[in-house]
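These notes are about the structure you will find just below.
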Amino acid sequence: MTGETLIDVLPFALLGAVLGVDVVTFPQAMFSRPIVAATVSGALGGHAQYGLLLGATLELIALETLPFGASRYPEWGSASVVGGALMASVSVHGETSGVSAALACSVLAALVTAWVGGWSMVGLRKLNAIWARAAAPALEAGSSRAVVGLQLRGMSADLLRGGLLTAVALLVFRPVVAASVGVWSVDPRLTRALVVGIASTVAVGATWKVFHATTGAIWFFIAGLIGGGALVAMVR
Amino acid sequence: MTASFKTRWTMFVRLFAIQGSWSYELLMGTGIAFCVEPALRELPGGPDGPAYREALARQCRYFNAHPYLASLAVGALARAELDRVPGPTIERFRTALCGPLGSVGDRLIWAGWLPVCSLLALAAFGAGARSGLVIALFLGVYNLGHVALRAWGLRAGMSRGLRVAGALGGPVFRRGPEYIARAGALLAGIALPAALARVIGPGRDMEGLIYGILLVTALGSVTLARLHGRVEGWRASMVVLAAFVLYAVARQHG
């Protein structure tokens with residue numbers, strides 16, 4: 001591991017820390033959604049448009065996982081930063097022809113990071129419980145210092161969690177993605193089609209789950225499809 | 001008794017960190033205490049008085065709600081404490097608030113507003129919008145609803161106190177999810193093919209491929225919908241994608 005690699009990773013780790021905190025802890029303004037986080041990360045790497053491409057693909061998948069209370073869900077904030085950084089790094093190294101391969105590999109890396117990120121959030125919640133248990137006598141005595149201390153400790157730990165996750169994921173995945181893109185053997189258009197096909201499948205299933213119970217929603221969806229088809233024809 | 005503007009403003013800012021110490025035991029209990037605390041300083045005896053300490057200890061206990069709608073609870077609980085409502089009454093009221101604020105918020109925001117804003121951003125992406133516009137549209141529209149809901153909740157809670165339940169009977173909560181779901185279904189129809197086409201990229205010879213993907217997508221999503229609750233799409237996509245990446249890399253060496 002070279003010093004240059006660590007310096008390269010640092011800005012993304014800071015971004016991953018801040019956007020990881022946004023998922024639950026502060027301020028939950030959805031800066032952590034893939035379409036935002038991956039684009040910002042791509043921009044930080046010098047290629048906002050590749051970040052957006054990856055962010056839109058991940059956003060389709062993320063439509064399925066909504067942050068319901070105590071449920072375990074993937075952590076998209078840090079993961080999207082990792083994905084956006086990986087996409088940008090391929091282009092930075094002058095391999096723009098490998099964008100399709102980079103998309104497939106970066107989406108996969110982001111999904112794995114999101115999965116691990118979900119587990120790290122569970123760990124943090126358990127850690128918060130341990131700290132709260134230790135502070136129970138002070139809380140029962142109505143100590144504002146204990147309340148503020150728990151909040152600050154929880155937010156700091158989450159910041160550290162997001163930063164570490166992003167840094168480790170980038171250090172692991174960057175060489176793997178670069179190597180994979182170098183030996184990619186599938187047609188670029190077919191690669192993109194497969195990636196977007198997978199993402200769309202999850203997105204359609206997710207929107208059905210969310211909206212199917214509403215009367216008439218299916219007709220609105222069909223009307224939308226007609227409009228979407230017209231939009232595609234117009235843009236292409 | 002009502003809190004000063006400075007106190008209400010501090011409470012509003014703290015609302016954004018209400019889940020700062022979320023845990024499996026207290027859930028957002030300490031977060032509620034953290035947000036109510038500025039109002040409690042106005043109790044007789046000040047920040048070190050027995051009334052303040054008793055009230056703060058009460059607010060630290062288990063609490064669960066949607067994080068945005070928890071602002072309604074924060075306002076109502078602060079008002080109840082300032083009005084010197086008896087402790088056991090506040091505790092019962094606090095417990096009663098958890099269920100409705102959780103289910104209403106989940107339905108309105110997590111299953112309504114958030115996917116709608118995501119789909120709006122995806123539609124803009126599919127229409128060819130640049131990255132800055134896509135981000136600004138998503139964050140602007142989403143946070144318009146998000147910040148307004150937190151601000152309204154705190155204000156309604158502070159003004160209604162223990163009678164806050166009536167605020168949840170407003171038209172936004174009764175009919176809102178239904179309208180949002182229809183808008184979401186419409187946007188999903190627009191956004192999905194448009195986003196799909198943009199990710200694949202330009203090319204006159206791509207129509208066949210797009211129709212092929214649409215067919216696979218339709219079949220795949222019906223399968224996912226039928227397996228609802230047993231298979232998570234994002235996990236399945238991770239497995240399929242991993243197999244594809246391995247194949248694409250290994251074929252070169254084969």
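To be explicit about the labels: the chains of the structure tokens are called A, B, and onward in the order shown, and within each one the residues are counted from 1, while ligands get numbers from 1 in the order they are shown.
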If we count only C-alpha atoms and set the cut-off at 7 Å, which residues sit around region 156-173 of chain A, ignoring sequence neighbours fewer than 4 positions away in its own chain? Please answer as an MDAnalysis selection string. chainID A and resid 9 13:14 16:18 20:21 78 82 109 113 152 177
Determine which residues of region 101-242 of chain B receive a DSSP assignment of alpha helix (DSSP H), computed from the backbone, and state them as a PyMOL selection string. chain B and resi 101-105+114-126+131-160+171-174+176-200+207-226+233-242
Nearest residue to chain A out of B:Pro44, B:Gly75, B:Gly153, B:Pro202, using only C-alpha atoms?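 That would be B:Pro202, the residue with the smallest distance to chain A.
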Go through region 50-169 of chain B and flag each residue having an atom no more than 12 Å from region 136-149 of chain A; for those, report the closest pair of atoms plus their distance in Å to one decimal, using only C-alpha atoms, ordered by chain and rising number, as a Markdown table.
```
| residue | atom | partner | partner_atom | distance |
| --- | --- | --- | --- | --- |
| B:Pro50 | CA | A:Gly142 | CA | 8.8 |
| B:Ala51 | CA | A:Gly142 | CA | 9.5 |
| B:Tyr52 | CA | A:Gly142 | CA | 7.4 |
| B:Arg53 | CA | A:Gly142 | CA | 4.1 |
| B:Glu54 | CA | A:Gly142 | CA | 6.0 |
| B:Ala55 | CA | A:Gly142 | CA | 7.2 |
| B:Leu56 | CA | A:Gly142 | CA | 4.9 |
| B:Ala57 | CA | A:Gly142 | CA | 4.2 |
| B:Arg58 | CA | A:Glu140 | CA | 7.7 |
| B:Gln59 | CA | A:Gly142 | CA | 8.9 |
| B:Cys60 | CA | A:Leu139 | CA | 6.6 |
| B:Arg61 | CA | A:Leu139 | CA | 8.7 |
| B:Tyr62 | CA | A:Leu139 | CA | 11.9 |
```
List as a PyMOL selection string the protein and nucleic acid residues near region 131-133 of chain A, meaning an atom at most 9 Å away when only C-alpha atoms are counted, but skip any in the same chain fewer than 5 places from it. (chain A and resi 126+139+146+150+153-154) or (chain B and resi 21+23+25-26+30)
Nearest candidate to Ala194 (chain B) (options A:Val112, A:Ala233, A:Ala193, A:Val24; using only C-alpha atoms):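 Using only C-alpha atoms, Ala194 (chain B) sits closest to A:Ala233.
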For a test of reading the model, state the distance in Å between CA of Glu64 (chain A) and CA of Ala206 (chain A), rounded to one decimal.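 Taking CA of Glu64 (chain A) and CA of Ala206 (chain A), their separation equals 4.6 Å.
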Near-region 165-167 of chain B list (10 Å; only C-alpha atoms; drop same-chain fewer than 6 positions) as a PyMOL selection string: chain B and resi 72-73+76+96-97+100-101+152-153+156-157+173
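Atom to atom, CA of Val141 (chain B) and CA of Leu19 (chain A) stand 18.8 Å apart.
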One-decimal distance in Å that lies between CA of Ala65 (chain B) and CA of Met11 (chain B):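 Distance reported for this atom pair: 17.0 Å.
With only C-alpha atoms as the basis for measurement, A:Leu63 is the residue among A:Leu63, A:Ile7, A:Val99, A:Met87 that approaches chain B most closely.
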Contacts of region 143-151 of chain B at 7 Å or less, counting only C-alpha atoms, minus same-chain residues fewer than 2 places along, as a compact mmCIF listing (two decimals) with N, CA and C atoms, in the first residue's frame?
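See around28.txt below for the written result:
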```
# COMPACT_ATOMS: atom_id res chain seq x y z
N ALA A 29 -31.29 13.87 5.31
CA ALA A 29 -31.83 14.70 4.22
C ALA A 29 -31.67 14.00 2.88
N PHE B 12 -35.81 22.78 17.01
CA PHE B 12 -35.96 22.44 15.59
C PHE B 12 -34.63 21.94 15.01
N TYR B 68 -39.12 11.84 11.21
CA TYR B 68 -39.60 13.18 10.85
C TYR B 68 -40.84 13.54 11.67
N LEU B 69 -41.74 12.56 11.81
CA LEU B 69 -42.98 12.84 12.57
C LEU B 69 -42.75 12.86 14.08
N SER B 71 -41.13 14.89 15.44
CA SER B 71 -41.18 16.31 15.79
C SER B 71 -42.52 16.67 16.45
N LEU B 139 -32.91 16.61 -4.27
CA LEU B 139 -32.74 17.15 -2.91
C LEU B 139 -33.73 18.28 -2.63
N GLY B 140 -33.97 19.11 -3.65
CA GLY B 140 -34.89 20.24 -3.47
C GLY B 140 -36.30 19.79 -3.16
N VAL B 141 -36.82 18.89 -4.00
CA VAL B 141 -38.22 18.45 -3.81
C VAL B 141 -38.33 17.63 -2.53
N GLY B 153 -44.57 19.66 12.40
CA GLY B 153 -44.76 18.77 13.54
C GLY B 153 -44.44 19.45 14.86
N LEU B 154 -43.31 20.15 14.89
CA LEU B 154 -42.91 20.83 16.12
C LEU B 154 -43.92 21.91 16.50
N ARG B 155 -44.33 22.67 15.49
CA ARG B 155 -45.29 23.76 15.73
C ARG B 155 -46.64 23.22 16.19
```
Neighbours of Tyr24 (chain B) within 10 Å (only C-alpha atoms; same-chain residues fewer than 5 positions away dropped), as a ChimeraX atom specification? /A:70,122,124-130 /B:62
Which polymer residues have any atom within 7 Å of an atom of Ala17 (chain B), counting only C-alpha atoms, with same-chain residues fewer than 3 positions away left out, as a list in words?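 In the requested format, the answer is Thr25, Phe26 and Pro27 of chain A; Arg14 and Gly20 of chain B.
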Given only C-alpha atoms as the basis, pick out the residue of A:Thr201, A:Ser89, A:Thr5, A:Ser80 nearest to chain B.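 Between A:Thr201, A:Ser89, A:Thr5, A:Ser80, the residue approaching chain B most closely is A:Thr201.
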Which residues of region 79-181 of chain A have any atom within 12 Å of an atom in region 226-235 of chain B when counting only C-alpha atoms, and what is the closest pair of atoms for each, with the distance in Å to one decimal? Order the rows by chain and rising number and write it as CSV.
```
residue,atom,partner,partner_atom,distance
A:Val107,CA,B:Trp234,CA,11.1
A:Leu108,CA,B:Trp234,CA,10.5
A:Ala110,CA,B:Trp234,CA,11.2
A:Leu111,CA,B:Trp234,CA,7.8
A:Val112,CA,B:Arg235,CA,9.2
A:Ala114,CA,B:Trp234,CA,10.0
A:Trp115,CA,B:Arg235,CA,8.5
A:Val116,CA,B:Arg235,CA,12.0
```
